[in-house]
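A quick write-up on the structure given underneath.
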Amino acid sequence: MLLRLAEAGATGALLRDTGALYLSDGAVVHAESPAAPGIDILLTAGGRLRPEVWQEAVDAAGARCRIARHLLDHRRISAAELEISHLEALYDAAYFVLGPGGGPSRFRHGAVHWFGALRPVQVGEVERETHRRRGLLDALWPYPQLDTAPVVRRRAARLPPVPRRQRALLELADGVRTPPAIAATLGRPAFHALVGIRRLAAAGHCETPAPPAGRGVGPGPGLRLPYEAGIPPGPPDVGTLRRVLDGLEARL
């Protein structure tokens, strides 16, 4: 349905149980999902805007769906910062909206997102990035149930050191918060938390929930965690990080 809507140059919202993609003339201009922190959280909890500045923009321009334009016109944030935050929110939510198990799709013609459009993204780009992210997570630690389950910290001897950026995630692993909830607390995109939690689970710092019966997901019997086998966790995928940075810079 998404490809057909893009070909038809449709404007409106593609709705699924996992969220919504907003289209304008067949391109994606925004996305939102209950599993991903919204643009408001990324901007305020992430430290780019004070909460009162955000609320001022909502009060002045929310009803007209021009919050983005208001922030730019009143110089509350630079165009580059706003566009990066917008792309983070868009791709973050799209990962969940387009994921398996999202339920049936329906389209609401003419629907417009309250934030307002910035730079549109072609449907093909959104789909490719969604597949790339899913592949990256599976390469790190192929247990997708980690993405939605409460994060449970393991405390054991002989665990490898925790990198600084992952330390904040581990400190919030209280057995109640899920990765998206941890991301919202930190003001980070949910995908960043998913990557960190999968790395922590692969290193043995977090419990890995058992896969659903019959799924056969994850390493086979007898394969030990990296720390159990005496293998240090692998370094960050620098090539992937560089491609993401290049993509963001190309849009600025």
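Ordering of the structure tokens sets the chain letters (A, B, ...), residue numbers begin anew at 1 in every chain, and ligands are numbered from 1 in the order given.
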Please identify all polymer residues within 9 Å of segment 190-197 of chain A, counting only C-alpha atoms, omitting same-chain residues fewer than 5 positions from it, and present them as a list in words.
Ala35, Ala36, Pro37, Ala89, Tyr91, Asp92, Ala93, Tyr95, Arg133, Leu136, Leu137, Leu140, Leu146, Asp147, Val151, Arg165, Gln166, Leu169, Leu170, Pro179, Pro180, Ala181, Ile182, Ala183, Ala184, Ala202, His205 and Cys206 of chain A
Name the residues of segment 30-182 of chain A that fall into strand (DSSP E) according to DSSP on the backbone, using the chain letters and numbers of this document, as a ChimeraX atom specification.
/A:30-32,106-109
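The spacing separating atom CA of Thr185 of chain A from atom CA of Ala168 of chain A amounts to 10.2 Å.
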Within 7 Å of segment 7-27 of chain A, which residues of segment 103-180 of chain A come that close, and what is the closest atom pair and distance in Å for each? Count only C-alpha atoms and give it as JSON lines.
```
{"residue": "A:Gly103", "atom": "CA", "partner": "A:Asp17", "partner_atom": "CA", "distance": 5.5}
{"residue": "A:Pro104", "atom": "CA", "partner": "A:Arg16", "partner_atom": "CA", "distance": 6.0}
{"residue": "A:Ser105", "atom": "CA", "partner": "A:Arg16", "partner_atom": "CA", "distance": 5.0}
{"residue": "A:Arg106", "atom": "CA", "partner": "A:Leu15", "partner_atom": "CA", "distance": 5.3}
{"residue": "A:Phe107", "atom": "CA", "partner": "A:Leu14", "partner_atom": "CA", "distance": 4.5}
{"residue": "A:Arg108", "atom": "CA", "partner": "A:Ala13", "partner_atom": "CA", "distance": 5.1}
{"residue": "A:His109", "atom": "CA", "partner": "A:Gly12", "partner_atom": "CA", "distance": 4.4}
{"residue": "A:Gly110", "atom": "CA", "partner": "A:Gly12", "partner_atom": "CA", "distance": 4.3}
{"residue": "A:Ala111", "atom": "CA", "partner": "A:Gly12", "partner_atom": "CA", "distance": 4.3}
{"residue": "A:Val112", "atom": "CA", "partner": "A:Gly12", "partner_atom": "CA", "distance": 6.2}
{"residue": "A:His113", "atom": "CA", "partner": "A:Tyr22", "partner_atom": "CA", "distance": 6.7}
{"residue": "A:Pro120", "atom": "CA", "partner": "A:Ala27", "partner_atom": "CA", "distance": 5.8}
{"residue": "A:Val121", "atom": "CA", "partner": "A:Ala27", "partner_atom": "CA", "distance": 5.6}
{"residue": "A:Gln122", "atom": "CA", "partner": "A:Ala27", "partner_atom": "CA", "distance": 4.8}
{"residue": "A:Val123", "atom": "CA", "partner": "A:Ala27", "partner_atom": "CA", "distance": 5.9}
```
Restrict the selected residues to all heavy atoms and save them as a short mmCIF file (atom, residue, chain, number, x, y, z; two decimals), in the first residue's frame.
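See selection06.cif below for the written result:
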```cif
data_model
loop_
_atom_site.label_atom_id
_atom_site.label_comp_id
_atom_site.auth_asym_id
_atom_site.auth_seq_id
_atom_site.Cartn_x
_atom_site.Cartn_y
_atom_site.Cartn_z
N GLY A 103 0.08 -5.02 12.12
CA GLY A 103 -1.36 -5.05 11.90
C GLY A 103 -1.75 -4.54 10.52
O GLY A 103 -0.89 -4.17 9.71
N PRO A 104 -3.03 -4.48 10.24
CA PRO A 104 -3.51 -4.02 8.94
C PRO A 104 -3.21 -2.54 8.72
O PRO A 104 -3.05 -1.78 9.66
CB PRO A 104 -5.02 -4.27 9.00
CG PRO A 104 -5.35 -4.25 10.47
CD PRO A 104 -4.15 -4.82 11.16
N SER A 105 -3.11 -2.16 7.45
CA SER A 105 -2.83 -0.77 7.08
C SER A 105 -4.10 -0.12 6.55
O SER A 105 -4.89 -0.74 5.84
CB SER A 105 -1.74 -0.70 6.02
OG SER A 105 -0.54 -1.28 6.48
N ARG A 106 -4.28 1.15 6.88
CA ARG A 106 -5.39 1.92 6.33
C ARG A 106 -4.87 3.34 6.09
O ARG A 106 -3.89 3.76 6.72
CB ARG A 106 -6.59 1.92 7.27
CG ARG A 106 -6.28 2.38 8.68
CD ARG A 106 -7.31 1.85 9.68
NE ARG A 106 -7.07 2.33 11.02
CZ ARG A 106 -6.17 1.80 11.84
NH1 ARG A 106 -5.42 0.77 11.45
NH2 ARG A 106 -6.00 2.28 13.07
N PHE A 107 -5.53 4.06 5.21
CA PHE A 107 -5.03 5.38 4.83
C PHE A 107 -6.11 6.42 5.06
O PHE A 107 -7.26 6.24 4.67
CB PHE A 107 -4.61 5.38 3.36
CG PHE A 107 -3.88 6.64 2.96
CD1 PHE A 107 -2.61 6.91 3.44
CD2 PHE A 107 -4.47 7.57 2.10
CE1 PHE A 107 -1.93 8.06 3.09
CE2 PHE A 107 -3.80 8.71 1.73
CZ PHE A 107 -2.53 8.97 2.23
N ARG A 108 -5.70 7.51 5.72
CA ARG A 108 -6.62 8.62 5.97
C ARG A 108 -6.21 9.78 5.06
O ARG A 108 -5.21 10.45 5.29
CB ARG A 108 -6.55 9.05 7.43
CG ARG A 108 -7.54 10.17 7.78
CD ARG A 108 -7.43 10.54 9.25
NE ARG A 108 -7.78 9.42 10.11
CZ ARG A 108 -7.52 9.37 11.41
NH1 ARG A 108 -6.89 10.38 12.00
NH2 ARG A 108 -7.87 8.32 12.13
N HIS A 109 -6.98 9.97 4.00
CA HIS A 109 -6.65 10.99 3.00
C HIS A 109 -6.71 12.39 3.61
O HIS A 109 -7.63 12.72 4.37
CB HIS A 109 -7.61 10.90 1.81
CG HIS A 109 -7.37 9.70 0.95
ND1 HIS A 109 -6.43 9.69 -0.05
CD2 HIS A 109 -7.95 8.47 0.95
CE1 HIS A 109 -6.44 8.51 -0.64
NE2 HIS A 109 -7.34 7.75 -0.05
N GLY A 110 -5.71 13.20 3.27
CA GLY A 110 -5.72 14.59 3.67
C GLY A 110 -5.23 14.89 5.07
O GLY A 110 -5.12 16.06 5.44
N ALA A 111 -4.92 13.86 5.86
CA ALA A 111 -4.45 14.10 7.22
C ALA A 111 -3.08 14.78 7.20
O ALA A 111 -2.22 14.44 6.39
CB ALA A 111 -4.35 12.78 7.99
N VAL A 112 -2.89 15.74 8.09
CA VAL A 112 -1.65 16.50 8.17
C VAL A 112 -1.11 16.41 9.59
O VAL A 112 -1.87 16.51 10.56
CB VAL A 112 -1.88 17.99 7.80
CG1 VAL A 112 -0.58 18.78 7.91
CG2 VAL A 112 -2.45 18.10 6.39
N HIS A 113 0.21 16.23 9.74
CA HIS A 113 0.80 16.14 11.07
C HIS A 113 0.91 17.51 11.70
O HIS A 113 1.21 18.50 11.02
CB HIS A 113 2.17 15.48 11.00
CG HIS A 113 2.69 15.05 12.33
ND1 HIS A 113 3.47 15.85 13.13
CD2 HIS A 113 2.51 13.88 13.02
CE1 HIS A 113 3.76 15.21 14.25
NE2 HIS A 113 3.20 14.02 14.22
N PRO A 120 10.93 16.56 2.86
CA PRO A 120 10.31 15.24 2.69
C PRO A 120 11.35 14.17 2.38
O PRO A 120 12.43 14.47 1.87
CB PRO A 120 9.35 15.45 1.51
CG PRO A 120 9.97 16.58 0.73
CD PRO A 120 10.62 17.47 1.75
N VAL A 121 11.01 12.93 2.69
CA VAL A 121 11.89 11.79 2.43
C VAL A 121 11.14 10.82 1.53
O VAL A 121 9.96 10.50 1.79
CB VAL A 121 12.29 11.09 3.74
CG1 VAL A 121 13.23 9.93 3.46
CG2 VAL A 121 12.95 12.08 4.69
N GLN A 122 11.79 10.36 0.48
CA GLN A 122 11.14 9.42 -0.44
C GLN A 122 10.84 8.09 0.25
O GLN A 122 11.61 7.63 1.12
CB GLN A 122 12.01 9.19 -1.67
CG GLN A 122 12.25 10.45 -2.50
CD GLN A 122 10.96 11.11 -2.95
OE1 GLN A 122 10.07 10.45 -3.51
NE2 GLN A 122 10.84 12.41 -2.69
N VAL A 123 9.73 7.47 -0.13
CA VAL A 123 9.31 6.22 0.48
C VAL A 123 10.40 5.15 0.37
O VAL A 123 10.66 4.40 1.31
CB VAL A 123 8.00 5.73 -0.17
CG1 VAL A 123 7.75 4.26 0.12
CG2 VAL A 123 6.83 6.58 0.33
#
```
Between atom CA of Leu90 of chain A and atom CA of Pro142 of chain A, what is the distance, to one decimal in Å?
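One can read the atom CA of Leu90 of chain A to atom CA of Pro142 of chain A distance as 24.1 Å.
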Atom CA of Gly62 of chain A and atom CA of Asp40 of chain A are how many Å apart?
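Result for atom CA of Gly62 of chain A versus atom CA of Asp40 of chain A: 12.0 Å, one decimal.
Candidate residues A:Leu98, A:Ala31, A:Ser78, A:Asp138 were compared for distance to Met1 of chain A, and the nearest is A:Leu98, using only C-alpha atoms.
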Would you please work out which residue, of A:Leu42, A:Ala57, A:Ile67, A:Leu72, is nearest to Ile84 of chain A when using only C-alpha atoms?
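Nearest candidate to Ile84 of chain A out of A:Leu42, A:Ala57, A:Ile67, A:Leu72: A:Leu42.
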Which polymer residues have any atom within 9 Å of an atom of Ala156 of chain A, counting only C-alpha atoms, with same-chain residues fewer than 2 positions away left out, as an mmCIF file with all heavy atoms, in the first residue's frame?
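Saved as selection-v3.cif:
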```cif
data_model
loop_
_atom_site.group_PDB
_atom_site.id
_atom_site.type_symbol
_atom_site.label_atom_id
_atom_site.label_comp_id
_atom_site.auth_asym_id
_atom_site.auth_seq_id
_atom_site.Cartn_x
_atom_site.Cartn_y
_atom_site.Cartn_z
ATOM 1 N N ARG A 154 21.876 -8.005 34.375
ATOM 2 C CA ARG A 154 22.547 -9.165 34.967
ATOM 3 C C ARG A 154 23.735 -8.674 35.786
ATOM 4 O O ARG A 154 24.452 -7.770 35.378
ATOM 5 C CB ARG A 154 23.056 -10.127 33.893
ATOM 6 C CG ARG A 154 21.955 -10.787 33.087
ATOM 7 C CD ARG A 154 22.540 -11.769 32.080
ATOM 8 N NE ARG A 154 22.970 -13.007 32.721
ATOM 9 C CZ ARG A 154 24.227 -13.383 32.908
ATOM 10 N NH1 ARG A 154 25.215 -12.603 32.511
ATOM 11 N NH2 ARG A 154 24.527 -14.525 33.493
ATOM 12 N N ARG A 158 33.188 -11.352 35.990
ATOM 13 C CA ARG A 158 33.852 -11.519 34.695
ATOM 14 C C ARG A 158 33.081 -10.904 33.544
ATOM 15 O O ARG A 158 33.193 -11.348 32.400
ATOM 16 C CB ARG A 158 34.114 -13.000 34.407
ATOM 17 C CG ARG A 158 35.069 -13.672 35.375
ATOM 18 C CD ARG A 158 35.302 -15.137 35.021
ATOM 19 N NE ARG A 158 35.854 -15.267 33.690
ATOM 20 C CZ ARG A 158 35.209 -15.822 32.656
ATOM 21 N NH1 ARG A 158 33.973 -16.273 32.810
ATOM 22 N NH2 ARG A 158 35.789 -15.921 31.480
ATOM 23 N N LEU A 159 32.298 -9.891 33.793
ATOM 24 C CA LEU A 159 31.629 -9.191 32.698
ATOM 25 C C LEU A 159 32.570 -8.127 32.137
ATOM 26 O O LEU A 159 33.343 -7.514 32.877
ATOM 27 C CB LEU A 159 30.343 -8.526 33.184
ATOM 28 C CG LEU A 159 29.188 -9.458 33.527
ATOM 29 C CD1 LEU A 159 28.023 -8.666 34.111
ATOM 30 C CD2 LEU A 159 28.727 -10.229 32.295
ATOM 31 N N GLY A 204 26.453 -9.826 27.845
ATOM 32 C CA GLY A 204 26.046 -10.488 29.071
ATOM 33 C C GLY A 204 25.570 -9.577 30.177
ATOM 34 O O GLY A 204 25.276 -10.045 31.281
ATOM 35 N N HIS A 205 25.461 -8.274 29.914
ATOM 36 C CA HIS A 205 25.043 -7.337 30.950
ATOM 37 C C HIS A 205 23.530 -7.315 31.156
ATOM 38 O O HIS A 205 23.065 -6.823 32.182
ATOM 39 C CB HIS A 205 25.521 -5.927 30.615
ATOM 40 C CG HIS A 205 26.998 -5.747 30.761
ATOM 41 N ND1 HIS A 205 27.613 -5.638 31.981
ATOM 42 C CD2 HIS A 205 27.985 -5.697 29.823
ATOM 43 C CE1 HIS A 205 28.923 -5.499 31.806
ATOM 44 N NE2 HIS A 205 29.176 -5.524 30.515
#
```
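With only C-alpha atoms as the atoms that count, the minimum distance from Pro160 of chain A to the choices A:Ala68, A:Val29, A:Leu200, A:Ile77 is reached by A:Leu200.
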